[in-house]
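Source file: query_22.cif (mmCIF, C-alpha atoms)
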```
data_start
#
loop_
_atom_site.label_atom_id
_atom_site.label_comp_id
_atom_site.auth_asym_id
_atom_site.auth_seq_id
_atom_site.Cartn_x
_atom_site.Cartn_y
_atom_site.Cartn_z
CA MET A 1 0.00 0.00 0.00
CA TYR A 2 1.23 3.46 -0.86
CA LEU A 3 -0.11 6.97 -1.20
CA VAL A 4 0.26 9.18 -4.25
CA ALA A 5 -0.02 12.92 -3.58
CA THR A 6 -0.87 14.95 -6.66
CA ARG A 7 -1.83 18.35 -7.99
CA LYS A 8 -5.48 17.41 -7.63
CA GLY A 9 -5.85 15.01 -4.76
CA LEU A 10 -4.43 12.11 -2.80
CA PHE A 11 -4.73 8.54 -4.04
CA THR A 12 -4.26 5.19 -2.32
CA VAL A 13 -2.76 2.31 -4.30
CA VAL A 14 -3.09 -1.30 -3.19
CA GLY A 15 -2.09 -4.24 -5.34
CA GLY A 16 -1.44 -2.04 -8.33
CA GLU A 17 -4.93 -0.49 -8.24
CA ILE A 18 -6.11 2.93 -7.10
CA VAL A 19 -8.55 2.02 -4.37
CA ALA A 20 -9.32 5.33 -2.71
CA SER A 21 -8.96 9.09 -3.09
CA ALA A 22 -9.12 12.11 -0.83
CA PHE A 23 -8.89 15.91 -1.18
CA SER A 24 -10.35 15.70 -4.67
CA GLY A 25 -9.31 18.66 -6.80
CA ILE A 26 -6.98 20.06 -4.13
CA PRO A 27 -3.17 20.00 -4.35
CA VAL A 28 -1.56 17.59 -1.86
CA THR A 29 2.14 18.27 -1.89
CA LEU A 30 3.46 15.76 0.60
CA VAL A 31 2.50 12.87 2.85
CA LEU A 32 4.10 11.28 5.89
CA THR A 33 3.16 7.64 6.40
CA ARG A 34 5.46 6.78 9.26
CA GLY A 35 3.90 6.20 12.69
CA LYS A 36 0.33 5.68 13.81
CA ARG A 37 -0.70 9.15 12.71
CA TRP A 38 -0.19 10.01 9.07
CA PHE A 39 0.01 13.54 7.68
CA ALA A 40 -0.89 15.19 4.39
CA ALA A 41 0.23 18.65 3.36
CA VAL A 42 -2.61 20.34 1.52
CA GLU A 43 -1.84 23.45 -0.46
CA HIS A 44 -4.80 25.66 -1.15
CA GLY A 45 -3.78 28.10 -3.84
CA HIS A 46 -5.66 30.94 -2.22
CA TYR A 47 -5.64 29.99 1.43
CA GLY A 48 -2.13 28.78 2.13
CA PRO A 49 -0.70 25.39 3.10
CA LYS A 50 -2.45 23.31 5.74
CA LEU A 51 -1.69 20.02 7.45
CA HIS A 52 -4.22 17.23 7.80
CA ALA A 53 -3.80 14.06 9.85
CA SER A 54 -5.22 10.58 9.62
CA ASP A 55 -5.42 8.16 12.52
CA ASP A 56 -6.88 5.36 10.40
CA ARG A 57 -4.16 4.90 7.76
CA GLY A 58 -5.63 7.34 5.29
CA ALA A 59 -9.30 6.37 5.47
CA THR A 60 -10.27 9.76 6.90
CA TRP A 61 -8.41 13.04 7.35
CA ALA A 62 -8.89 16.04 9.63
CA GLU A 63 -7.08 19.35 9.76
CA VAL A 64 -4.51 19.77 12.52
CA GLY A 65 -2.11 22.56 13.37
CA SER A 66 0.05 23.97 10.60
CA PRO A 67 3.55 25.38 10.99
CA ALA A 68 3.64 29.16 10.99
CA PHE A 69 6.46 31.62 11.52
CA PRO A 70 6.24 33.53 14.81
CA GLU A 71 5.84 37.26 14.99
CA GLY A 72 9.14 38.96 14.28
CA ALA A 73 10.49 36.28 11.97
CA ASP A 74 9.27 38.35 9.02
CA ALA A 75 8.39 35.28 6.99
CA SER A 76 5.34 33.26 6.07
CA VAL A 77 5.07 29.59 5.19
CA ASN A 78 4.56 29.25 1.48
CA THR A 79 5.01 25.50 1.02
CA ILE A 80 5.26 22.52 3.35
CA TRP A 81 8.18 20.75 1.71
CA ALA A 82 9.42 18.11 4.15
CA LEU A 83 7.83 15.98 6.85
CA GLU A 84 9.58 13.42 9.03
CA ARG A 85 9.05 11.62 12.28
CA SER A 86 11.81 10.86 14.76
CA SER A 87 11.83 9.55 18.27
CA GLY A 88 11.99 13.20 19.30
CA GLY A 89 8.79 14.21 17.56
CA LEU A 90 7.68 15.49 14.16
CA TRP A 91 9.73 17.72 11.90
CA CYS A 92 8.54 19.89 9.07
CA GLY A 93 10.59 21.80 6.50
CA THR A 94 9.11 24.68 4.58
CA ILE A 95 9.64 27.24 1.85
CA PRO A 96 10.98 29.68 2.95
CA GLY A 97 13.66 27.72 4.78
CA GLY A 98 12.09 27.13 8.15
CA LEU A 99 12.38 23.94 10.18
CA PHE A 100 9.48 23.35 12.56
CA ARG A 101 9.07 20.80 15.30
CA SER A 102 5.97 19.35 16.92
CA ARG A 103 6.10 17.44 20.18
CA ASP A 104 2.34 16.88 20.34
CA ASP A 105 1.84 14.88 17.14
CA GLY A 106 1.03 17.84 14.95
CA ALA A 107 -1.31 19.84 17.17
CA THR A 108 1.20 22.70 17.49
CA TRP A 109 4.49 23.53 15.77
CA GLN A 110 7.46 25.59 16.87
CA LEU A 111 10.10 27.16 14.64
CA VAL A 112 13.59 25.79 15.30
CA ARG A 113 15.18 29.15 16.00
CA SER A 114 18.71 27.77 16.22
CA LEU A 115 18.60 27.06 12.50
CA TRP A 116 16.53 30.07 11.46
CA ASP A 117 18.84 32.44 13.31
CA ARG A 118 22.10 31.09 11.84
CA PRO A 119 23.87 33.95 10.08
CA GLU A 120 24.74 31.59 7.23
CA ARG A 121 21.04 31.34 6.35
CA ALA A 122 21.28 34.78 4.77
CA ARG A 123 23.35 33.17 2.01
CA TRP A 124 20.68 30.64 1.08
CA PHE A 125 18.75 31.26 -2.10
CA GLY A 126 15.89 29.71 -4.01
CA GLY A 127 16.35 26.76 -6.34
CA GLY A 128 13.29 26.26 -8.48
CA ALA A 129 11.13 28.14 -6.02
CA ASP A 130 11.65 31.85 -5.44
CA GLU A 131 12.77 31.30 -1.84
CA PRO A 132 15.07 28.66 -0.35
CA GLY A 133 13.42 25.66 1.25
CA ILE A 134 14.03 22.54 3.33
CA HIS A 135 12.96 19.47 1.36
CA SER A 136 14.81 16.58 3.02
CA ILE A 137 14.88 15.57 6.67
CA CYS A 138 16.86 12.49 7.69
CA ALA A 139 16.24 11.48 11.28
CA ASP A 140 19.17 9.29 12.26
CA PRO A 141 17.82 5.91 13.41
CA ALA A 142 20.96 5.23 15.45
CA GLU A 143 21.39 8.59 17.17
CA GLN A 144 18.24 10.18 18.51
CA ALA A 145 19.74 13.66 18.70
CA THR A 146 21.08 13.61 15.14
CA LEU A 147 19.17 15.09 12.25
CA ARG A 148 20.31 15.98 8.76
CA ILE A 149 18.44 18.28 6.43
CA GLY A 150 18.76 19.18 2.77
CA VAL A 151 18.21 22.76 1.67
CA SER A 152 17.74 24.13 -1.84
CA CYS A 153 19.88 26.11 -1.92
CA GLY A 154 21.73 25.92 1.34
CA GLY A 155 23.49 22.57 1.33
CA VAL A 156 23.21 19.73 3.82
CA LEU A 157 23.15 20.60 7.50
CA ILE A 158 23.46 18.43 10.58
CA THR A 159 22.62 18.74 14.22
CA ARG A 160 23.94 16.24 16.74
CA ASP A 161 22.38 17.86 19.79
CA ASP A 162 18.67 17.65 19.00
CA GLY A 163 18.56 20.92 17.11
CA GLU A 164 20.53 23.08 19.51
CA THR A 165 23.37 23.73 17.07
CA TRP A 166 23.87 23.18 13.36
CA ARG A 167 26.72 23.03 10.92
CA THR A 168 26.79 22.75 7.17
CA GLN A 169 27.93 19.39 5.88
CA SER A 170 28.35 19.68 2.12
CA GLU A 171 32.07 18.98 1.69
CA GLY A 172 32.74 17.45 -1.69
CA MET A 173 29.72 18.94 -3.40
CA THR A 174 30.26 21.29 -6.32
CA ALA A 175 27.96 23.85 -7.91
CA ASN A 176 28.27 25.03 -11.50
CA TYR A 177 25.70 27.82 -11.13
CA VAL A 178 28.04 30.15 -9.25
CA PRO A 179 31.48 31.56 -10.10
CA PRO A 180 34.12 28.80 -9.97
CA GLU A 181 35.86 30.40 -7.00
CA ILE A 182 32.91 29.56 -4.77
CA ALA A 183 31.75 26.36 -6.51
CA SER A 184 32.61 24.30 -3.42
CA ASP A 185 31.07 26.69 -0.93
CA ALA A 186 29.06 24.50 1.43
CA ASP A 187 26.31 27.04 2.05
CA ILE A 188 25.24 27.47 -1.57
CA GLN A 189 24.91 23.84 -2.63
CA ASP A 190 21.65 22.59 -4.11
CA PRO A 191 20.98 19.05 -2.95
CA HIS A 192 17.68 18.17 -4.62
CA CYS A 193 17.07 15.21 -2.35
CA VAL A 194 18.97 13.53 0.48
CA VAL A 195 18.16 10.04 1.78
CA GLN A 196 19.71 7.88 4.47
CA CYS A 197 20.02 4.12 4.74
CA ALA A 198 17.91 2.97 7.67
CA ALA A 199 20.14 0.02 8.59
CA GLU A 200 23.43 1.80 7.90
CA PRO A 201 22.86 5.47 8.77
CA ALA A 202 26.42 6.45 7.92
CA THR A 203 25.50 6.01 4.27
CA LEU A 204 23.57 8.81 2.62
CA TRP A 205 22.76 9.44 -1.01
CA CYS A 206 22.07 12.76 -2.64
CA GLN A 207 20.70 13.83 -5.97
CA HIS A 208 22.23 17.27 -6.39
CA HIS A 209 21.48 19.92 -8.98
CA CYS A 210 24.90 19.32 -10.50
CA GLY A 211 25.24 15.57 -10.07
CA ALA A 212 24.79 12.66 -7.71
CA TYR A 213 26.70 12.03 -4.48
CA ARG A 214 27.19 9.40 -1.83
CA SER A 215 28.55 9.71 1.67
CA VAL A 216 29.75 6.80 3.80
CA ASP A 217 30.77 8.84 6.80
CA GLY A 218 27.47 10.28 7.89
CA GLY A 219 27.68 13.21 5.53
CA GLU A 220 31.08 14.46 6.66
CA SER A 221 32.21 14.17 3.06
CA TRP A 222 30.50 13.47 -0.24
CA GLN A 223 31.85 11.62 -3.27
CA PRO A 224 30.48 12.31 -6.76
CA ILE A 225 28.74 9.47 -8.56
CA GLU A 226 28.27 9.19 -12.32
CA VAL A 227 24.74 8.04 -13.04
CA PRO A 228 23.87 6.84 -16.52
CA PRO A 229 22.28 8.07 -18.70
CA SER A 230 22.44 11.39 -16.82
CA SER A 231 23.48 12.56 -13.39
CA PHE A 232 20.75 15.21 -13.35
CA GLY A 233 17.44 14.56 -11.67
CA PHE A 234 15.49 15.13 -8.51
CA ALA A 235 14.64 11.81 -6.87
CA VAL A 236 16.80 9.24 -5.15
CA ALA A 237 15.92 6.28 -2.94
CA VAL A 238 18.19 4.04 -0.90
CA HIS A 239 17.62 0.42 0.04
CA PRO A 240 16.63 0.23 3.71
CA HIS A 241 19.06 -2.61 4.49
CA GLU A 242 21.69 -2.48 1.73
CA PRO A 243 23.50 0.85 1.85
CA ASP A 244 25.21 0.32 -1.51
CA THR A 245 21.90 -0.05 -3.34
CA ALA A 246 20.19 3.11 -4.54
CA TRP A 247 17.85 4.19 -7.32
CA PHE A 248 17.79 7.42 -9.38
CA VAL A 249 15.36 8.64 -12.04
CA PRO A 250 17.50 10.75 -14.40
CA ALA A 251 16.48 13.63 -16.64
CA VAL A 252 18.60 15.32 -19.29
CA SER A 253 19.75 18.46 -17.48
CA ASP A 254 18.57 21.48 -15.57
CA ASP A 255 17.63 23.23 -18.78
CA MET A 256 16.05 20.13 -20.33
CA ARG A 257 13.90 18.52 -17.69
CA VAL A 258 12.72 15.48 -19.60
CA PRO A 259 14.00 11.89 -19.75
CA VAL A 260 17.07 11.23 -21.88
CA ASP A 261 15.91 10.36 -25.43
CA ALA A 262 12.32 10.65 -24.13
CA LYS A 263 12.68 7.22 -22.51
CA VAL A 264 11.78 6.77 -18.85
CA VAL A 265 14.41 4.77 -16.99
CA VAL A 266 15.39 4.07 -13.42
CA SER A 267 19.10 3.78 -12.72
CA ARG A 268 20.04 1.36 -9.96
CA THR A 269 23.37 0.73 -8.35
CA ARG A 270 24.17 -2.19 -6.07
CA ASP A 271 27.80 -1.43 -5.52
CA GLY A 272 27.82 2.02 -4.04
CA GLY A 273 27.69 3.82 -7.36
CA GLN A 274 30.58 2.11 -9.11
CA SER A 275 28.21 0.69 -11.70
CA PHE A 276 24.56 1.06 -12.61
CA ASP A 277 21.80 -0.97 -14.21
CA VAL A 278 19.61 1.24 -16.40
CA LEU A 279 16.19 -0.32 -15.82
CA ARG A 280 13.55 0.18 -18.48
CA SER A 281 11.42 -2.99 -18.64
CA GLY A 282 7.79 -1.89 -18.41
CA LEU A 283 8.58 1.81 -18.65
CA PRO A 284 7.70 3.92 -21.73
CA GLN A 285 10.54 4.01 -24.24
CA ALA A 286 9.24 6.47 -26.81
CA HIS A 287 8.00 10.06 -26.55
CA ALA A 288 7.80 10.02 -22.78
CA TYR A 289 8.37 13.41 -21.13
CA ASP A 290 7.77 12.47 -17.53
CA LEU A 291 9.77 14.28 -14.91
CA VAL A 292 9.92 12.77 -11.42
CA TYR A 293 9.93 15.23 -8.56
CA ARG A 294 12.16 14.78 -5.51
CA HIS A 295 9.51 13.20 -3.27
CA ALA A 296 7.88 11.11 -5.98
CA LEU A 297 10.05 7.97 -5.69
CA ASP A 298 9.90 5.64 -2.72
CA VAL A 299 11.06 2.20 -1.64
CA ASP A 300 9.28 0.13 0.97
CA GLY A 301 10.72 -1.51 4.06
CA THR A 302 11.69 -4.69 2.21
CA GLY A 303 13.78 -2.90 -0.38
CA THR A 304 12.15 -4.81 -3.22
CA ARG A 305 9.00 -2.77 -3.83
CA LEU A 306 9.33 0.70 -5.31
CA ALA A 307 6.91 3.14 -6.87
CA PHE A 308 7.29 6.48 -8.55
CA GLY A 309 5.07 9.07 -10.18
CA SER A 310 5.64 11.77 -12.74
CA THR A 311 4.67 15.27 -13.71
CA THR A 312 2.48 13.89 -16.46
CA GLY A 313 0.45 11.77 -14.08
CA SER A 314 2.02 8.38 -14.61
CA VAL A 315 2.68 5.98 -11.75
CA TRP A 316 4.78 2.84 -12.01
CA GLU A 317 5.58 0.18 -9.44
CA THR A 318 7.88 -2.80 -9.13
CA ASP A 319 8.22 -5.66 -6.71
CA ASP A 320 11.57 -6.94 -7.92
CA GLY A 321 13.79 -4.00 -7.12
CA GLY A 322 13.16 -2.32 -10.45
CA ASP A 323 13.97 -5.13 -12.88
CA THR A 324 10.41 -4.96 -14.20
CA TRP A 325 7.81 -2.22 -13.79
CA ARG A 326 4.02 -2.15 -14.03
CA THR A 327 1.96 0.86 -15.02
CA VAL A 328 -0.54 1.82 -12.33
CA SER A 329 -1.91 4.88 -14.12
CA VAL A 330 -1.09 7.31 -16.89
CA ASN A 331 -4.03 9.58 -16.11
CA LEU A 332 -3.43 10.99 -12.66
CA PRO A 333 -2.74 14.68 -12.06
CA PRO A 334 0.92 15.69 -11.78
CA VAL A 335 2.50 13.63 -8.98
CA TYR A 336 4.26 15.41 -6.13
CA CYS A 337 4.93 12.60 -3.69
CA VAL A 338 4.79 8.82 -3.39
CA ARG A 339 5.11 7.15 0.01
CA PHE A 340 4.72 3.53 1.07
CA ALA A 341 2.73 2.84 4.21
CA HIS A 342 5.01 1.94 7.08
CA GLU A 343 4.01 -0.35 9.88
CA ALA A 344 2.86 1.68 12.87
CA MET B 1 -21.77 46.37 13.92
CA ALA B 2 -20.15 45.69 10.56
CA HIS B 3 -21.33 42.72 8.57
CA LEU B 4 -18.57 40.27 7.65
CA GLU B 5 -19.07 37.66 4.97
CA PHE B 6 -16.76 35.08 3.39
CA THR B 7 -16.68 33.52 -0.06
CA PRO B 8 -18.64 30.25 -0.10
CA ASN B 9 -15.50 28.53 -1.41
CA LEU B 10 -13.78 29.16 1.90
CA ALA B 11 -16.74 27.76 3.81
CA LYS B 12 -16.07 24.40 2.16
CA LEU B 13 -12.71 24.27 3.91
CA VAL B 14 -13.25 25.93 7.28
CA ASP B 15 -16.25 27.00 9.34
CA CYS B 16 -16.73 30.70 8.61
CA PRO B 17 -20.34 31.83 8.78
CA ALA B 18 -21.31 35.43 8.08
CA GLY B 19 -21.63 37.54 11.19
CA GLU B 20 -21.77 40.99 12.79
CA HIS B 21 -18.63 42.35 14.43
CA ASP B 22 -17.46 45.52 16.13
CA GLY B 23 -14.37 47.26 14.82
CA ALA B 24 -13.16 50.56 13.46
CA SER B 25 -10.92 48.89 10.88
CA VAL B 26 -10.79 45.73 8.84
CA ALA B 27 -8.11 44.45 11.22
CA GLU B 28 -10.37 44.97 14.22
CA VAL B 29 -13.35 43.34 12.55
CA PHE B 30 -11.20 40.36 11.62
CA ALA B 31 -9.82 40.15 15.15
CA SER B 32 -13.34 39.98 16.49
CA ALA B 33 -14.28 37.24 14.04
CA PHE B 34 -11.17 35.21 14.85
CA VAL B 35 -12.00 35.05 18.57
CA ASP B 36 -14.55 32.31 18.03
CA ARG B 37 -12.98 30.85 14.91
CA PRO B 38 -9.19 31.18 15.18
CA ARG B 39 -8.55 28.72 12.36
CA VAL B 40 -10.04 31.12 9.81
CA ARG B 41 -7.12 33.49 10.37
CA GLY B 42 -4.60 31.21 8.70
CA TYR B 43 -6.78 30.86 5.64
CA ILE B 44 -7.00 34.55 4.82
CA LEU B 45 -3.91 36.03 6.52
CA ASP B 46 -0.30 34.92 6.19
CA ASP B 47 2.10 34.42 9.12
CA ARG B 48 2.92 38.14 9.16
CA GLY B 49 -0.74 39.03 9.55
CA ALA B 50 -0.98 40.42 6.01
CA LEU B 51 -3.71 39.48 3.59
CA ARG B 52 -2.77 36.37 1.63
CA LYS B 53 -1.67 37.18 -1.90
CA TYR B 54 -4.74 35.77 -3.60
CA ILE B 55 -7.38 37.02 -1.18
CA MET B 56 -9.38 40.17 -1.86
CA VAL B 57 -11.30 42.11 0.77
CA PHE B 58 -13.96 44.67 -0.04
CA VAL B 59 -15.52 47.20 2.28
CA ASN B 60 -18.84 47.70 0.55
CA GLU B 61 -17.87 48.19 -3.11
CA SER B 62 -14.25 49.20 -2.53
CA MET B 63 -11.26 46.88 -2.38
CA ILE B 64 -9.15 47.64 0.68
CA GLU B 65 -5.86 49.46 0.16
CA ASP B 66 -3.82 48.35 3.17
CA ARG B 67 -3.20 44.65 2.60
CA ALA B 68 -0.33 44.53 5.12
CA SER B 69 -1.97 45.81 8.31
CA LEU B 70 -5.62 46.00 7.26
CA SER B 71 -6.07 49.56 8.54
CA ASP B 72 -8.86 50.50 6.14
CA PRO B 73 -11.63 52.04 8.27
CA THR B 74 -14.95 50.33 8.86
CA GLY B 75 -18.21 51.60 10.29
CA PRO B 76 -21.24 49.96 11.89
CA THR B 77 -23.24 49.91 8.66
CA ASP B 78 -20.45 48.63 6.42
CA ARG B 79 -20.46 45.25 4.72
CA ILE B 80 -17.10 43.51 4.46
CA PHE B 81 -16.59 40.76 1.91
CA VAL B 82 -13.69 38.31 1.88
CA MET B 83 -13.30 36.97 -1.64
CA GLN B 84 -10.76 34.86 -3.49
CA ALA B 85 -8.91 36.28 -6.46
CA LEU B 86 -9.39 34.65 -9.83
CA SER B 87 -5.63 34.21 -10.00
CA GLY B 88 -3.65 31.99 -7.69
CA GLY B 89 -5.68 28.81 -7.84
#
```

Take the structure from the file and write it as structure tokens.
Amino acid sequence: MYLVATRKGLFTVVGGEIVASAFSGIPVTLVLTRGKRWFAAVEHGHYGPKLHASDDRGATWAEVGSPAFPEGADASVNTIWALERSSGGLWCGTIPGGLFRSRDDGATWQLVRSLWDRPERARWFGGGADEPGIHSICADPAEQATLRIGVSCGGVLITRDDGETWRTQSEGMTANYVPPEIASDADIQDPHCVVQCAAEPATLWCQHHCGAYRSVDGGESWQPIEVPPSSFGFAVAVHPHEPDTAWFVPAVSDDMRVPVDAKVVVSRTRDGGQSFDVLRSGLPQAHAYDLVYRHALDVDGTGTRLAFGSTTGSVWETDDGGDTWRTVSVNLPPVYCVRFAHEA
Amino acid sequence: MAHLEFTPNLAKLVDCPAGEHDGASVAEVFASAFVDRPRVRGYILDDRGALRKYIMVFVNESMIEDRASLSDPTGPTDRIFVMQALSGG
């Protein structure tokens, strides 16, 4: 079972079939399906982003508290862009780049001032969106007080003291959208998506604006990875138990955001990025212009089932690690997020 | 008291019945309305307290001028309408 959040509603897929829908006609930008209470970020074009929660695994939803900047912060939440649950509570990343925390399961949210007030935040800038935003939150399964976040554009940041202090952790990343003298500047990197291996938290994978990266030291350093047929893209997923196995969905480049040769492929490595299988069985191989957003690829807890959705409303799934894919739909609205249901 | 009324589209999302409220400005009328229905605030105002970009407010036939602090004056016979813009959906 997984949820597909789209431009015009939220859909539940079971056994390859869409079995339920919610928020019909309303953009749902993100879902969190970890824990007993699930969350959906609903983005009303006129009325701002709102959070809804479900205590019955998506059968019904009700509005709960939404993150909002406090008076004096001189900012307003434009988009809810990241949701994660840790043993220390719920975390929410937004555009502009605010990190919020809830200790009461989403009833109320507090801005993490230690991050918001960092002087380095002034150097962040928007990537895609007009303002910078936090799109990835990796709650370290081995260290309760450790959290890593990905910021476009602001690099990867880590806290090891439960959000008290932060430092940027983008060493090894390179940006080609700034003068070469500052290409390695940690604070201006654009990691599109950062994911962490659940069983081996020292291994993280990143799809960056200018390439793909892997870290095997908890993000202290990042090594570039060449992904065929292109190292550009938005989504990346890592196997929950095998840290060397990861999946990417490449596109041509930042100025050509379509699949290479108009053929949808998933690129999988099983050896830490030394080599890749370009998986295409069951995926469209002619005149396909699907782009896969950063939250629209997911792998389940077994590491064998994956699903992803595209900007043109296609959803594909596999239960053999990507060797063969099945089409679930080609008629959905543009897909923002795909998330497998986790056991409570 | 001024009469405050919301677009029916908003009523689909949050409880916001029309009502009568005291206030010498749009901000004061809103503040009165939000006492019983605090959730409505986040639908029409952003975190700074300014009118959301795609919300329009009319006092009688005139669109308000001060979208940041909502200082446009209101009187006891005025009718205030909260509408959604055609853009922004």

Give the centre and edge lengths of an axis-aligned box, in Å to one decimal, that holds all listed atoms of region 70-82 of chain B with 6 Å on each side, as AutoDock Vina command-line options.
```
--center_x -14.4 --center_y 45.2 --center_z 6.9 --size_x 29.6 --size_y 25.7 --size_z 22.0
```

Residues of chain B within 12 Å of chain A, counting all atoms listed in the file, as a PyMOL selection string: chain B and resi 7+9-15+38-56+82-89

Distance criterion (only C-alpha atoms): nearest to Pro96 (chain A) out of A:Val151, A:Ala341, A:Ala62, A:Cys206: A:Val151

Residue members of the PyMOL selection byres ((chain A and resi 188-200) around 8) in the file shown, as a PyMOL selection string: chain A and resi 123-125+127+135-138+140-141+149-156+170+173-175+184-187+201-210+233-243+294-295

Chain and number of each residue from the PyMOL selection byres ((chain B and resi 70) around 10), as a PyMOL selection string: chain B and resi 25-30+49-51+57+64-69+71-73

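What separates CA of Phe100 (chain A) from CA of Trp166 (chain A) is a distance of 14.4 Å.
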
Answer key for the PyMOL selection byres ((chain A and resi 255) around 12), residues as a list in words: Gly128, His209, Cys210, Phe232, Gly233, Ala251, Val252, Ser253, Asp254, Met256, Arg257, Val258 and Pro259 of chain A

Straight-line distance linking CA of Thr29 (chain A) with CA of Tyr289 (chain A), stated in Å to one decimal: 20.8 Å

Distance in Å - CA of Ala142 (chain A) versus CA of Thr108 (chain A):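 One can read the CA of Ala142 (chain A) to CA of Thr108 (chain A) distance as 26.5 Å.
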
Spatial neighbours of Arg7 (chain A), max dist 9 Å, only C-alpha atoms, sep filter under 2 positions, as number ranges by chain: A: 5, 9-10, 25-29, 332-336

Residue with smallest distance to Val19 (chain A) - pool A:Gly106, A:Val328, A:Ile80, A:Thr269, counting all atoms listed in the file: A:Val328
